[in-house]
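Below is the file work_13.cif, which contains mmCIF, C-alpha atoms.
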data_data
loop_
_atom_site.group_PDB
_atom_site.id
_atom_site.type_symbol
_atom_site.label_atom_id
_atom_site.label_comp_id
_atom_site.auth_asym_id
_atom_site.auth_seq_id
_atom_site.Cartn_x
_atom_site.Cartn_y
_atom_site.Cartn_z
ATOM 1 C CA MET G 1 0.000 0.000 0.000
ATOM 2 C CA ALA G 2 1.300 3.438 -0.938
ATOM 3 C CA THR G 3 2.210 5.979 1.712
ATOM 4 C CA PHE G 4 1.019 9.505 0.961
ATOM 5 C CA ASN G 5 2.129 11.769 3.850
ATOM 6 C CA VAL G 6 -0.528 14.324 2.951
ATOM 7 C CA ARG G 7 -2.324 14.916 6.257
ATOM 8 C CA PRO G 8 -2.961 12.538 9.152
ATOM 9 C CA ASP G 9 -6.715 12.240 8.488
ATOM 10 C CA ILE G 10 -6.237 11.657 4.748
ATOM 11 C CA ASP G 11 -3.352 9.225 5.311
ATOM 12 C CA ALA G 12 -5.426 7.206 7.807
ATOM 13 C CA ALA G 13 -8.398 7.007 5.428
ATOM 14 C CA ALA G 14 -6.163 6.142 2.437
ATOM 15 C CA ALA G 15 -4.489 3.351 4.420
ATOM 16 C CA LYS G 16 -7.881 1.603 4.664
ATOM 17 C CA LEU G 17 -8.376 1.511 0.882
ATOM 18 C CA SER G 18 -7.943 -1.916 -0.678
ATOM 19 C CA SER G 19 -6.479 -0.239 -3.772
ATOM 20 C CA THR G 20 -5.490 3.313 -4.626
ATOM 21 C CA PHE G 21 -5.176 2.532 -8.349
ATOM 22 C CA GLY G 22 -6.369 5.542 -10.352
ATOM 23 C CA SER G 23 -6.787 7.793 -7.322
ATOM 24 C CA LYS G 24 -3.247 8.581 -6.140
ATOM 25 C CA ARG G 25 -3.247 12.075 -7.645
ATOM 26 C CA GLU G 26 -6.634 12.814 -6.049
ATOM 27 C CA ILE G 27 -5.453 11.655 -2.626
ATOM 28 C CA GLN G 28 -2.354 13.841 -2.854
ATOM 29 C CA ARG G 29 -4.336 16.901 -3.966
ATOM 30 C CA LEU G 30 -7.417 16.392 -1.788
ATOM 31 C CA PRO G 31 -6.439 19.213 0.627
ATOM 32 C CA GLU G 32 -6.904 21.660 -2.280
ATOM 33 C CA VAL G 33 -10.674 20.994 -2.363
ATOM 34 C CA LEU G 34 -11.293 20.700 1.372
ATOM 35 C CA TRP G 35 -12.746 23.619 3.288
ATOM 36 C CA GLU G 36 -11.021 25.112 6.308
ATOM 37 C CA GLY G 37 -11.634 22.881 9.326
ATOM 38 C CA GLU G 38 -12.865 19.992 7.183
ATOM 39 C CA SER G 39 -11.451 16.569 7.993
ATOM 40 C CA VAL G 40 -11.628 13.301 6.063
ATOM 41 C CA GLU G 41 -13.437 10.404 7.727
ATOM 42 C CA MET G 42 -13.437 7.792 4.935
ATOM 43 C CA LEU G 43 -12.261 7.389 1.331
ATOM 44 C CA ALA G 44 -13.458 5.177 -1.523
ATOM 45 C CA THR G 45 -12.915 4.954 -5.265
ATOM 46 C CA GLY G 46 -15.541 4.940 -8.004
ATOM 47 C CA GLN G 47 -16.871 6.403 -11.228
ATOM 48 C CA TYR G 48 -19.188 9.373 -11.451
ATOM 49 C CA GLY G 49 -20.154 11.536 -14.400
ATOM 50 C CA GLY G 50 -17.952 9.698 -16.869
ATOM 51 C CA GLY G 51 -14.745 9.681 -14.859
ATOM 52 C CA ALA G 52 -13.042 7.559 -12.240
ATOM 53 C CA GLY G 53 -12.047 9.350 -9.075
ATOM 54 C CA LEU G 54 -12.044 9.544 -5.315
ATOM 55 C CA ILE G 55 -15.040 9.708 -2.989
ATOM 56 C CA ALA G 56 -14.241 11.441 0.294
ATOM 57 C CA MET G 57 -16.592 11.408 3.259
ATOM 58 C CA THR G 58 -15.647 14.354 5.465
ATOM 59 C CA ASN G 59 -17.075 15.817 8.623
ATOM 60 C CA LEU G 60 -19.135 18.240 6.460
ATOM 61 C CA ARG G 61 -19.963 16.633 3.121
ATOM 62 C CA LEU G 62 -19.513 13.816 0.639
ATOM 63 C CA ILE G 63 -17.146 14.772 -2.211
ATOM 64 C CA PHE G 64 -16.466 13.189 -5.586
ATOM 65 C CA TYR G 65 -13.064 14.389 -6.808
ATOM 66 C CA LYS G 66 -11.352 13.705 -10.123
ATOM 67 C CA ASN G 67 -8.080 15.458 -10.913
ATOM 68 C CA GLY G 68 -7.289 14.657 -14.527
ATOM 69 C CA ILE G 69 -4.500 15.941 -16.723
ATOM 70 C CA MET G 70 -6.795 18.284 -18.662
ATOM 71 C CA GLN G 71 -9.578 18.974 -16.171
ATOM 72 C CA GLN G 72 -10.630 18.725 -12.558
ATOM 73 C CA THR G 73 -14.079 17.661 -11.333
ATOM 74 C CA VAL G 74 -15.383 18.337 -7.835
ATOM 75 C CA GLU G 75 -18.969 17.450 -6.964
ATOM 76 C CA ASP G 76 -20.018 17.783 -3.365
ATOM 77 C CA PHE G 77 -23.065 16.654 -1.442
ATOM 78 C CA PRO G 78 -23.534 18.529 1.867
ATOM 79 C CA TYR G 79 -25.021 16.180 4.462
ATOM 80 C CA GLY G 80 -27.946 18.482 5.166
ATOM 81 C CA LYS G 81 -29.055 18.102 1.537
ATOM 82 C CA ILE G 82 -28.837 14.289 1.367
ATOM 83 C CA SER G 83 -32.289 12.760 1.728
ATOM 84 C CA SER G 84 -31.343 9.117 1.308
ATOM 85 C CA VAL G 85 -28.577 6.741 0.285
ATOM 86 C CA GLN G 86 -28.852 3.426 -1.557
ATOM 87 C CA TRP G 87 -26.189 0.751 -1.960
ATOM 88 C CA GLN G 88 -26.436 -1.950 -4.606
ATOM 89 C CA GLY G 89 -23.545 -4.409 -4.458
ATOM 90 C CA GLY G 90 -22.487 -7.102 -6.855
ATOM 91 C CA MET G 91 -19.830 -9.773 -6.472
ATOM 92 C CA VAL G 92 -16.897 -7.325 -6.358
ATOM 93 C CA MET G 93 -18.203 -3.853 -7.234
ATOM 94 C CA GLY G 94 -21.349 -1.873 -6.585
ATOM 95 C CA THR G 95 -23.181 1.414 -7.029
ATOM 96 C CA LEU G 96 -23.781 4.055 -4.372
ATOM 97 C CA THR G 97 -26.822 6.202 -5.136
ATOM 98 C CA VAL G 98 -27.134 9.496 -3.276
ATOM 99 C CA TYR G 99 -30.447 11.378 -3.368
ATOM 100 C CA THR G 100 -30.212 15.117 -2.722
ATOM 101 C CA SER G 101 -32.894 17.785 -3.097
ATOM 102 C CA GLY G 102 -34.723 15.879 -5.818
ATOM 103 C CA ASN G 103 -31.532 14.888 -7.641
ATOM 104 C CA ARG G 104 -29.901 11.501 -7.964
ATOM 105 C CA ALA G 105 -26.175 10.768 -8.223
ATOM 106 C CA ASP G 106 -24.949 7.267 -9.100
ATOM 107 C CA ILE G 107 -21.348 6.541 -8.140
ATOM 108 C CA LYS G 108 -20.528 3.303 -9.926
ATOM 109 C CA ASN G 109 -17.773 0.690 -9.815
ATOM 110 C CA MET G 110 -17.062 1.171 -6.128
ATOM 111 C CA PRO G 111 -15.305 -1.739 -4.439
ATOM 112 C CA LYS G 112 -17.966 -3.601 -2.495
ATOM 113 C CA ASP G 113 -16.337 -3.254 0.941
ATOM 114 C CA GLN G 114 -15.670 0.491 0.573
ATOM 115 C CA GLY G 115 -19.082 1.301 -0.885
ATOM 116 C CA LYS G 116 -21.076 -0.646 1.676
ATOM 117 C CA ALA G 117 -19.147 0.850 4.602
ATOM 118 C CA LEU G 118 -19.579 4.354 3.226
ATOM 119 C CA ALA G 119 -23.309 3.852 2.566
ATOM 120 C CA ASP G 120 -23.870 2.423 6.051
ATOM 121 C CA ASP G 121 -22.071 5.341 7.710
ATOM 122 C CA LEU G 122 -23.980 7.905 5.647
ATOM 123 C CA ARG G 123 -27.312 6.233 6.475
ATOM 124 C CA ARG G 124 -26.558 6.210 10.170
ATOM 125 C CA HIS G 125 -25.730 9.892 10.212
ATOM 126 C CA ILE G 126 -28.754 10.860 8.113
ATOM 127 C CA ALA G 127 -31.047 8.849 10.397
ATOM 128 C CA GLN G 128 -29.512 10.385 13.511
ATOM 129 C CA GLY G 129 -29.543 13.881 12.067
ATOM 130 C CA THR G 130 -25.787 14.220 12.640
ATOM 131 C CA THR G 131 -22.815 14.555 10.370
ATOM 132 C CA PRO G 132 -19.764 12.299 10.447
ATOM 133 C CA GLY G 133 -17.117 13.328 12.937
ATOM 134 C CA VAL G 134 -19.450 15.614 14.902
ATOM 135 C CA ALA G 135 -20.277 14.868 18.524
ATOM 136 C CA SER G 136 -23.760 13.669 19.358
ATOM 137 C CA ALA G 137 -26.435 16.199 20.281
ATOM 138 C CA GLY G 138 -25.961 15.402 23.972
ATOM 139 C CA ALA G 139 -22.429 16.818 23.851
ATOM 140 C CA VAL G 140 -23.474 20.045 22.122
ATOM 141 C CA ALA G 141 -25.352 22.964 23.607
ATOM 142 C CA ALA G 142 -29.092 22.656 23.012
ATOM 143 C CA PRO G 143 -30.269 24.589 19.971
ATOM 144 C CA ALA G 144 -32.875 27.317 20.204
ATOM 145 C CA PRO G 145 -36.458 26.042 19.991
ATOM 146 C CA ALA G 146 -37.538 25.503 16.401
ATOM 147 C CA PRO G 147 -40.628 27.097 14.886
ATOM 148 C CA ALA G 148 -43.719 24.875 14.552
ATOM 149 C CA GLN G 149 -43.239 24.617 10.780
ATOM 150 C CA ASP G 150 -39.720 23.223 11.304
ATOM 151 C CA ILE G 151 -41.089 20.651 13.763
ATOM 152 C CA ALA G 152 -43.656 19.544 11.165
ATOM 153 C CA SER G 153 -40.982 19.183 8.480
ATOM 154 C CA ARG G 154 -38.706 17.258 10.845
ATOM 155 C CA LEU G 155 -41.560 14.881 11.686
ATOM 156 C CA ALA G 156 -42.343 14.455 7.981
ATOM 157 C CA THR G 157 -38.681 13.670 7.255
ATOM 158 C CA LEU G 158 -38.656 11.200 10.127
ATOM 159 C CA ASP G 159 -41.754 9.482 8.684
ATOM 160 C CA GLN G 160 -40.030 9.265 5.283
ATOM 161 C CA LEU G 161 -36.906 7.705 6.803
ATOM 162 C CA ARG G 162 -39.033 5.137 8.606
ATOM 163 C CA GLY G 163 -41.002 4.439 5.410
ATOM 164 C CA GLN G 164 -37.751 3.853 3.532
ATOM 165 C CA GLY G 165 -36.642 1.363 6.153
ATOM 166 C CA LEU G 166 -33.756 3.540 7.349
ATOM 167 C CA LEU G 167 -35.083 3.675 10.922
ATOM 168 C CA SER G 168 -36.274 0.850 13.105
ATOM 169 C CA ASP G 169 -39.512 1.307 15.083
ATOM 170 C CA GLY G 170 -37.466 1.914 18.236
ATOM 171 C CA GLU G 171 -35.245 4.523 16.570
ATOM 172 C CA TYR G 172 -38.311 6.190 15.088
ATOM 173 C CA ALA G 173 -40.036 6.421 18.470
ATOM 174 C CA GLN G 174 -36.900 7.801 20.132
ATOM 175 C CA ARG G 175 -36.302 10.466 17.431
ATOM 176 C CA ARG G 176 -39.988 11.437 17.392
ATOM 177 C CA ALA G 177 -39.973 11.890 21.156
ATOM 178 C CA GLN G 178 -36.832 14.070 20.906
ATOM 179 C CA ILE G 179 -38.477 16.276 18.278
ATOM 180 C CA LEU G 180 -41.671 16.629 20.289
ATOM 181 C CA ASP G 181 -39.712 17.342 23.479
ATOM 182 C CA SER G 182 -38.109 20.301 21.715
ATOM 183 C CA LEU G 183 -41.507 22.090 21.557
#

Mind turning the file's structure into structure tokens?
Amino acid sequence: MATFNVRPDIDAAAAKLSSTFGSKREIQRLPEVLWEGESVEMLATGQYGGGAGLIAMTNLRLIFYKNGIMQQTVEDFPYGKISSVQWQGGMVMGTLTVYTSGNRADIKNMPKDQGKALADDLRRHIAQGTTPGVASAGAVAAPAPAPAQDIASRLATLDQLRGQGLLSDGEYAQRRAQILDSL
């Protein structure tokens, strides 16, 4: 496995990749597309929009990054905009589908182990209403009370997550009680 010596968070995530074939340049240049204070939680490889590149799950967003000789592609999916995630795995490779604000992004040819782990982590954070790398709500100061309309939309989103099978009945009841307690 290649050693990159880019940044500790990127190096740790890259070390978990089964192969870095076709993504070495992206790993080395990933800090160029990261925002200040953004840290990498997990990396995977795949194809999106006609090119093979790197998928980076950070503490703020999911990023597809391709740094080619003639052009660079950066597509990001902020966690607050992701409504659901689907993983479809084959024998060796699979497809991660990310649904955001009515749009659909298919990231294909992801190694099965990387894609499934990334999809599972994204689902967990979407269901919990947290982002990767951020402490749970119990460790953060309580937010200001939300308006009634926000409560209704949060309950509707919770119902959708349950309907999609992303929340168990127990998780649903717990989250619903938390939302109602915030009134």

Quiz item: Residues picked by the PyMOL selection byres ((chain G and resi 98-114) around 9) here, as a ChimeraX atom specification?
Solution: /G:16-19,42-49,52,55,64,77-97,115-119

Given the selection you just returned, output its residues as a file containing C-alpha atoms, formatted as a compact mmCIF listing (two decimals), in the frame of the given file.
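The result, stored in out_17.txt:
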# COMPACT_ATOMS: atom_id res chain seq x y z
CA LYS G 16 -7.88 1.60 4.66
CA LEU G 17 -8.38 1.51 0.88
CA SER G 18 -7.94 -1.92 -0.68
CA SER G 19 -6.48 -0.24 -3.77
CA MET G 42 -13.44 7.79 4.93
CA LEU G 43 -12.26 7.39 1.33
CA ALA G 44 -13.46 5.18 -1.52
CA THR G 45 -12.92 4.95 -5.26
CA GLY G 46 -15.54 4.94 -8.00
CA GLN G 47 -16.87 6.40 -11.23
CA TYR G 48 -19.19 9.37 -11.45
CA GLY G 49 -20.15 11.54 -14.40
CA ALA G 52 -13.04 7.56 -12.24
CA ILE G 55 -15.04 9.71 -2.99
CA PHE G 64 -16.47 13.19 -5.59
CA PHE G 77 -23.06 16.65 -1.44
CA PRO G 78 -23.53 18.53 1.87
CA TYR G 79 -25.02 16.18 4.46
CA GLY G 80 -27.95 18.48 5.17
CA LYS G 81 -29.06 18.10 1.54
CA ILE G 82 -28.84 14.29 1.37
CA SER G 83 -32.29 12.76 1.73
CA SER G 84 -31.34 9.12 1.31
CA VAL G 85 -28.58 6.74 0.28
CA GLN G 86 -28.85 3.43 -1.56
CA TRP G 87 -26.19 0.75 -1.96
CA GLN G 88 -26.44 -1.95 -4.61
CA GLY G 89 -23.54 -4.41 -4.46
CA GLY G 90 -22.49 -7.10 -6.86
CA MET G 91 -19.83 -9.77 -6.47
CA VAL G 92 -16.90 -7.32 -6.36
CA MET G 93 -18.20 -3.85 -7.23
CA GLY G 94 -21.35 -1.87 -6.58
CA THR G 95 -23.18 1.41 -7.03
CA LEU G 96 -23.78 4.06 -4.37
CA THR G 97 -26.82 6.20 -5.14
CA GLY G 115 -19.08 1.30 -0.88
CA LYS G 116 -21.08 -0.65 1.68
CA ALA G 117 -19.15 0.85 4.60
CA LEU G 118 -19.58 4.35 3.23
CA ALA G 119 -23.31 3.85 2.57

Self-check item: Distance of CA of Leu54 in chain G from CA of Thr20 in chain G, expressed in Å to one decimal place
Solution: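 Between these atoms lies a distance of 9.1 Å.
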
Self-check item: Residue neighbourhood range 170-178 of chain G, 9 Å, only C-alpha atoms, exclusion window fewer than 5 positions, as a PyMOL selection string
Solution: chain G and resi 127-128+154-155+158-159+161-162

Practice problem: For each of G:Gln160, G:Ser23, G:Ser168, G:Asn59, take the minimum atom-to-atom distance to Gly37 in chain G, counting all atoms listed in the file, then give the residue where this is smallest. | Solution: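 Ranked by minimum distance to Gly37 in chain G, first place goes to G:Asn59.
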
Quiz item: From the list G:Glu38, G:Leu62, G:Gly53, G:Glu26, which residue is nearest Asp121 in chain G when using only C-alpha atoms?
Solution: G:Leu62

Practice problem: Please indicate the distance in Å from CA of Ala12 in chain G to CA of Leu30 in chain G, rounded to one decimal place. | Solution: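 So the answer is 13.4 Å.
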
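Taking CA of Gln164 in chain G as the reference point, CA of Tyr65 in chain G is found at 28.8 Å.
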
Quiz item: Out of G:Lys66, G:Val40, G:Leu34, G:Ser153, which residue has the shortest atom-to-atom distance to Asp11 in chain G when counting all atoms listed in the file?
Solution: G:Val40
